[in-house]
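Asks: model.pdb (PDB, C-alpha atoms) pasted underneath:
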MODEL        1
ATOM      1  CA  MET A   1       5.772  -2.926 -18.600
ATOM      2  CA  ALA A   2       6.571  -6.269 -17.002
ATOM      3  CA  VAL A   3       9.687  -7.800 -18.472
ATOM      4  CA  VAL A   4      10.624 -11.001 -16.687
ATOM      5  CA  PRO A   5      14.103 -12.284 -17.525
ATOM      6  CA  ASP A   6      14.226 -15.378 -19.736
ATOM      7  CA  GLY A   7      14.769 -18.694 -18.042
ATOM      8  CA  LEU A   8      12.860 -17.865 -14.861
ATOM      9  CA  GLY A   9      10.106 -20.287 -13.913
ATOM     10  CA  LEU A  10       7.006 -19.354 -11.930
ATOM     11  CA  GLU A  11       8.664 -20.517  -8.720
ATOM     12  CA  ALA A  12      11.292 -17.773  -9.176
ATOM     13  CA  ILE A  13       8.727 -14.945  -9.426
ATOM     14  CA  GLU A  14       7.216 -12.955  -6.573
ATOM     15  CA  VAL A  15       4.043 -11.009  -7.408
ATOM     16  CA  TRP A  16       3.783  -7.755  -5.439
ATOM     17  CA  PHE A  17       0.909  -5.254  -5.322
ATOM     18  CA  GLN A  18       1.595  -1.570  -4.615
ATOM     19  CA  ASP A  19      -0.467   1.525  -3.872
ATOM     20  CA  GLU A  20      -0.388   4.624  -1.705
ATOM     21  CA  ALA A  21      -2.865   6.237   0.649
ATOM     22  CA  ARG A  22      -3.171   9.766   1.971
ATOM     23  CA  VAL A  23      -3.654   9.937   5.731
ATOM     24  CA  GLY A  24      -4.173  13.242   7.452
ATOM     25  CA  GLN A  25      -6.060  15.617   9.619
ATOM     26  CA  ARG A  26      -9.142  15.536   7.414
ATOM     27  CA  GLY A  27      -9.588  11.850   8.119
ATOM     28  CA  THR A  28     -12.347   9.319   7.752
ATOM     29  CA  LEU A  29     -15.544   9.282   9.785
ATOM     30  CA  THR A  30     -16.873   5.795  10.403
ATOM     31  CA  ARG A  31     -19.816   4.173  12.115
ATOM     32  CA  MET A  32     -19.563   3.539  15.818
ATOM     33  CA  TRP A  33     -21.583   1.868  18.557
ATOM     34  CA  ALA A  34     -23.811   4.203  20.550
ATOM     35  CA  PRO A  35     -27.040   3.949  22.563
ATOM     36  CA  LYS A  36     -30.134   3.912  20.367
ATOM     37  CA  GLY A  37     -31.486   7.396  19.738
ATOM     38  CA  SER A  38     -28.235   9.151  20.706
ATOM     39  CA  ARG A  39     -25.972  11.138  18.408
ATOM     40  CA  PRO A  40     -22.349  10.545  19.411
ATOM     41  CA  ARG A  41     -19.948  13.414  18.828
ATOM     42  CA  VAL A  42     -16.926  12.769  16.635
ATOM     43  CA  VAL A  43     -14.062  15.164  15.969
ATOM     44  CA  ARG A  44     -13.599  16.282  12.358
ATOM     45  CA  GLN A  45     -10.518  18.390  11.785
ATOM     46  CA  GLN A  46     -10.355  21.226   9.275
ATOM     47  CA  GLN A  47      -6.567  21.349   8.873
ATOM     48  CA  PHE A  48      -4.852  19.837   5.834
ATOM     49  CA  GLU A  49      -1.627  18.297   7.176
ATOM     50  CA  ALA A  50      -1.141  14.810   5.662
ATOM     51  CA  ALA A  51       1.316  12.011   4.952
ATOM     52  CA  TYR A  52       1.321   9.343   2.260
ATOM     53  CA  VAL A  53       1.741   5.658   3.033
ATOM     54  CA  PHE A  54       3.368   3.789   0.151
ATOM     55  CA  GLY A  55       2.510   0.154   0.759
ATOM     56  CA  ALA A  56       3.266  -3.073  -1.077
ATOM     57  CA  VAL A  57       2.486  -6.704  -0.337
ATOM     58  CA  CYS A  58       3.527 -10.078  -1.689
ATOM     59  CA  PRO A  59       0.589 -12.296  -0.686
ATOM     60  CA  ALA A  60       2.211 -15.595  -1.673
ATOM     61  CA  GLU A  61       5.104 -14.969   0.709
ATOM     62  CA  GLY A  62       3.122 -13.010   3.330
ATOM     63  CA  LYS A  63       5.559 -10.095   3.009
ATOM     64  CA  ALA A  64       4.939  -6.353   3.156
ATOM     65  CA  ALA A  65       7.037  -3.235   2.584
ATOM     66  CA  ALA A  66       6.032   0.352   3.220
ATOM     67  CA  LEU A  67       7.288   3.904   3.555
ATOM     68  CA  VAL A  68       5.549   6.940   5.007
ATOM     69  CA  MET A  69       6.399   9.994   2.935
ATOM     70  CA  PRO A  70       5.413  13.689   2.866
ATOM     71  CA  ALA A  71       4.342  13.608  -0.811
ATOM     72  CA  ALA A  72       3.316  11.233  -3.585
ATOM     73  CA  ASN A  73       5.578  11.785  -6.584
ATOM     74  CA  THR A  74       8.256  10.126  -8.719
ATOM     75  CA  GLU A  75      11.010  10.677  -6.145
ATOM     76  CA  THR A  76       9.082   9.019  -3.322
ATOM     77  CA  MET A  77       8.017   6.202  -5.653
ATOM     78  CA  GLN A  78      11.697   5.584  -6.446
ATOM     79  CA  HIS A  79      12.428   5.146  -2.740
ATOM     80  CA  HIS A  80       9.565   2.671  -2.503
ATOM     81  CA  LEU A  81      10.739   0.726  -5.578
ATOM     82  CA  ASP A  82      14.186   0.396  -3.987
ATOM     83  CA  LEU A  83      12.642  -0.879  -0.741
ATOM     84  CA  ILE A  84      10.480  -3.428  -2.577
ATOM     85  CA  ALA A  85      13.455  -4.607  -4.653
ATOM     86  CA  ALA A  86      15.420  -5.150  -1.433
ATOM     87  CA  SER A  87      12.470  -7.181  -0.067
ATOM     88  CA  VAL A  88      12.371  -9.579  -3.030
ATOM     89  CA  ALA A  89      14.059 -12.841  -2.060
ATOM     90  CA  PRO A  90      17.561 -13.371  -3.467
ATOM     91  CA  GLY A  91      17.475 -15.250  -6.765
ATOM     92  CA  LYS A  92      13.870 -14.261  -7.435
ATOM     93  CA  HIS A  93      12.344 -11.622  -9.676
ATOM     94  CA  GLY A  94       9.521  -9.367  -8.485
ATOM     95  CA  VAL A  95       6.568  -8.349 -10.640
ATOM     96  CA  LEU A  96       5.063  -5.196  -9.155
ATOM     97  CA  VAL A  97       1.387  -4.584  -9.999
ATOM     98  CA  VAL A  98       0.545  -0.860  -9.836
ATOM     99  CA  ASP A  99      -2.306   1.430 -10.844
ATOM    100  CA  GLY A 100      -1.950   4.103 -13.523
ATOM    101  CA  ALA A 101      -0.726   6.988 -11.341
ATOM    102  CA  ALA A 102       1.798   9.102 -13.227
ATOM    103  CA  TRP A 103       4.580   8.498 -10.692
ATOM    104  CA  HIS A 104       4.203   4.698 -11.013
ATOM    105  CA  VAL A 105       5.147   4.652 -14.669
ATOM    106  CA  ALA A 106       7.250   7.825 -14.987
ATOM    107  CA  GLY A 107      10.160   7.662 -17.383
ATOM    108  CA  LYS A 108      12.480   9.020 -14.663
ATOM    109  CA  LEU A 109      12.059   5.885 -12.519
ATOM    110  CA  ARG A 110      15.137   3.675 -12.350
ATOM    111  CA  ARG A 111      13.691   0.170 -12.282
ATOM    112  CA  PRO A 112      15.810  -2.183 -10.155
ATOM    113  CA  ASP A 113      17.136  -5.221 -12.052
ATOM    114  CA  ASN A 114      15.130  -7.681  -9.955
ATOM    115  CA  LEU A 115      11.821  -5.876 -10.398
ATOM    116  CA  SER A 116       9.361  -5.412 -13.287
ATOM    117  CA  ILE A 117       6.368  -3.067 -13.245
ATOM    118  CA  LEU A 118       2.976  -4.264 -14.485
ATOM    119  CA  PRO A 119       0.362  -1.472 -14.713
ATOM    120  CA  LEU A 120      -3.304  -2.338 -14.138
ATOM    121  CA  PRO A 121      -5.918  -1.313 -16.702
ATOM    122  CA  PRO A 122      -7.408   2.167 -16.161
ATOM    123  CA  TYR A 123     -10.311   2.523 -13.708
ATOM    124  CA  SER A 124      -9.803  -0.870 -12.070
ATOM    125  CA  PRO A 125      -8.916  -0.308  -8.396
ATOM    126  CA  GLU A 126     -10.792  -3.496  -7.480
ATOM    127  CA  LEU A 127      -7.910  -5.468  -9.023
ATOM    128  CA  ASN A 128      -5.429  -4.102  -6.489
ATOM    129  CA  PRO A 129      -5.783  -5.766  -3.064
ATOM    130  CA  VAL A 130      -3.827  -2.966  -1.368
ATOM    131  CA  GLU A 131      -7.028  -0.912  -1.705
ATOM    132  CA  GLN A 132      -8.611  -3.353   0.779
ATOM    133  CA  ILE A 133      -5.752  -2.784   3.195
ATOM    134  CA  TRP A 134      -6.405   0.962   3.063
ATOM    135  CA  ALA A 135     -10.121   0.405   3.641
ATOM    136  CA  GLN A 136      -9.394  -1.788   6.656
ATOM    137  CA  LEU A 137      -6.869   0.644   8.173
ATOM    138  CA  ARG A 138      -9.161   3.619   7.555
ATOM    139  CA  GLN A 139     -11.999   1.770   9.265
ATOM    140  CA  SER A 140     -10.003   0.705  12.305
ATOM    141  CA  ASP A 141      -6.739   2.567  12.900
ATOM    142  CA  TRP A 142      -7.128   5.923  11.159
ATOM    143  CA  ALA A 143     -10.839   6.651  11.685
ATOM    144  CA  ASN A 144     -12.392   9.191  14.050
ATOM    145  CA  ARG A 145      -8.963  10.538  15.034
ATOM    146  CA  CYS A 146      -7.592  13.975  15.671
ATOM    147  CA  PHE A 147      -3.911  14.494  14.814
ATOM    148  CA  THR A 148      -2.066  17.422  16.357
ATOM    149  CA  ASP A 149       0.769  17.533  13.832
ATOM    150  CA  TYR A 150       2.592  15.748  11.004
ATOM    151  CA  ASP A 151       4.695  13.623  13.377
ATOM    152  CA  GLN A 152       1.580  12.220  15.028
ATOM    153  CA  ILE A 153       0.182  11.316  11.583
ATOM    154  CA  VAL A 154       3.431   9.524  10.696
ATOM    155  CA  ASP A 155       3.405   7.652  14.015
ATOM    156  CA  ALA A 156      -0.206   6.497  13.464
ATOM    157  CA  CYS A 157       0.610   5.367   9.923
ATOM    158  CA  CYS A 158       3.710   3.448  11.009
ATOM    159  CA  GLN A 159       1.953   1.802  13.930
ATOM    160  CA  ALA A 160      -1.017   0.678  11.798
ATOM    161  CA  TRP A 161       1.156  -0.624   8.942
ATOM    162  CA  ASN A 162       3.627  -2.406  11.238
ATOM    163  CA  GLN A 163       0.776  -4.150  13.018
ATOM    164  CA  PHE A 164      -0.690  -5.255   9.666
ATOM    165  CA  ALA A 165       2.700  -6.301   8.233
ATOM    166  CA  SER A 166       3.467  -8.463  11.273
ATOM    167  CA  GLN A 167       0.593 -10.801  10.342
ATOM    168  CA  PRO A 168       1.580 -12.853   7.263
ATOM    169  CA  ASP A 169      -1.623 -14.913   7.394
ATOM    170  CA  THR A 170      -3.707 -11.726   7.255
ATOM    171  CA  ILE A 171      -1.670 -10.515   4.279
ATOM    172  CA  ARG A 172      -2.301 -13.818   2.506
ATOM    173  CA  SER A 173      -6.037 -13.978   3.228
ATOM    174  CA  LEU A 174      -6.775 -10.331   2.451
ATOM    175  CA  CYS A 175      -4.528  -9.879  -0.581
ATOM    176  CA  THR A 176      -4.282 -13.175  -2.477
ATOM    177  CA  ARG A 177      -5.822 -12.994  -5.945
ATOM    178  CA  ARG A 178      -6.290 -16.111  -8.067
ATOM    179  CA  TRP A 179      -5.593 -14.274 -11.308
ATOM    180  CA  ALA A 180      -2.244 -13.034  -9.955
ATOM    181  CA  LEU A 181      -1.012 -16.616  -9.771
ATOM    182  CA  LEU A 182      -1.158 -16.681 -13.579
ATOM    183  CA  ILE A 183       1.170 -13.704 -14.143
TER
ENDMDL
END
The structure given in the file should be rewritten as structure tokens.

Replies:
Amino acid sequence: MAVVPDGLGLEAIEVWFQDEARVGQRGTLTRMWAPKGSRPRVVRQQQFEAAYVFGAVCPAEGKAAALVMPAANTETMQHHLDLIAASVAPGKHGVLVVDGAAWHVAGKLRRPDNLSILPLPPYSPELNPVEQIWAQLRQSDWANRCFTDYDQIVDACCQAWNQFASQPDTIRSLCTRRWALLI
């Protein structure tokens, strides 16, 4: 539940959106250019090695924070909460919008003092702009790929996220939501 300290005005609040994506050897197949009438061959792996990208963005500030982890659970979410809290500007309070995954709202989570968690309603992924980031990265950076091992998956995840995070204008245009300005 989002609990913003009393006395803070809207200018002292940063709205962050958070989600995670599984990236692995059983990746995404996407459309590709090919001569008319041909059937291009694309590799589709059968292995199950994967990593999870925990990503968060603050569209108003054009900031992003992410971790690549081996699992999606309460412990890894705690690491991500700590990273997001460290990314919130000094003197400001972060409101983190998350979906209803069990590890987002687990009682074991130690919520940093400068961060509140605001869960989205059930079955509403369209309200979380991080889902669009995943769609974009799956379409461009993670599609039609063959990963030899876990380290190569982690490298691909880090490279794609770092490239995205280095573009504050892209973060703003892709992730800004009018309704989030009213939180």

Asks: For stretch 70-81 of chain A, please output as JSON, numbers by chain all residues within 10 Å (counting only C-alpha atoms; exclusion window: fewer than 5 positions along the same chain).

Replies: {"A": [18, 19, 20, 21, 22, 49, 50, 51, 52, 53, 54, 55, 56, 65, 86, 87, 96, 101, 102, 103, 104, 105, 106, 107, 108, 109, 110, 111, 112, 115, 116, 117, 150, 154]}

Asks: Report, in Å to a single decimal, how far apart atom CA of A:Ser140 and atom CA of A:Ser38 are.

Replies: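 It comes out at 21.8 Å.
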
Asks: Between atom CA of A:Ala165 and atom CA of A:Val97, what is the distance, to one decimal in Å?

Replies: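 Atom CA of A:Val97 lies at a distance of 18.4 Å from atom CA of A:Ala165.
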
Asks: Restricting the calculation to all atoms listed in the file: of A:Gly100, A:Ala160, A:Leu83, A:Ala12, which residue gets closest to A:Gln136?

Replies: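 Ranked by minimum distance to A:Gln136, first place goes to A:Ala160.
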
Asks: Find the residue from A:Cys158, A:Ser166, A:Arg39, A:Val15 that sits nearest to A:Ala85; use all atoms listed in the file when measuring.

Replies: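 Among A:Cys158, A:Ser166, A:Arg39, A:Val15, it is A:Val15 that comes nearest to A:Ala85.
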
Asks: What does the distance from atom CA of A:Gly62 to atom CA of A:Gln167 come to in Å, to one decimal?

Replies: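 Computing the Euclidean distance for atom CA of A:Gly62 and atom CA of A:Gln167 yields 7.8 Å.
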
Asks: Expand the PyMOL selection byres ((chain A and resi 120) around 7) into the explicit residue set it covers here, and present it as a PDB file with C-alpha atoms, in the frame of the given file.

Replies:
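Output (result.pdb):
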ATOM      1  CA  VAL A  97       1.387  -4.584  -9.999  1.00  0.00           C
ATOM      2  CA  VAL A  98       0.545  -0.860  -9.836  1.00  0.00           C
ATOM      3  CA  ASP A  99      -2.306   1.430 -10.844  1.00  0.00           C
ATOM      4  CA  GLY A 100      -1.950   4.103 -13.523  1.00  0.00           C
ATOM      5  CA  LEU A 118       2.976  -4.264 -14.485  1.00  0.00           C
ATOM      6  CA  PRO A 119       0.362  -1.472 -14.713  1.00  0.00           C
ATOM      7  CA  PRO A 121      -5.918  -1.313 -16.702  1.00  0.00           C
ATOM      8  CA  PRO A 122      -7.408   2.167 -16.161  1.00  0.00           C
ATOM      9  CA  SER A 124      -9.803  -0.870 -12.070  1.00  0.00           C
TER      10      SER A 124
END

Asks: Can you list what the PyMOL selection byres ((chain A and resi 177) around 10) grabs from this structure, as a PyMOL selection string?

Replies: chain A and resi 59-60+127-129+172-176+178-182

Asks: Can you tell me which residues surround A:Glu61 at a distance of at most 9 Å, considering all atoms listed in the file, apart from same-chain residues fewer than 4 positions away, and format the answer as a VMD selection string?

Replies: chain A and resid 14 57 168 171 to 172

Asks: Which is closer to A:Gly94 than all the others in A:Val23, A:Ala156, A:Cys58, A:Lys63, using all atoms listed in the file?

Replies: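 Using all atoms listed in the file, the shortest distance to A:Gly94 belongs to A:Cys58.
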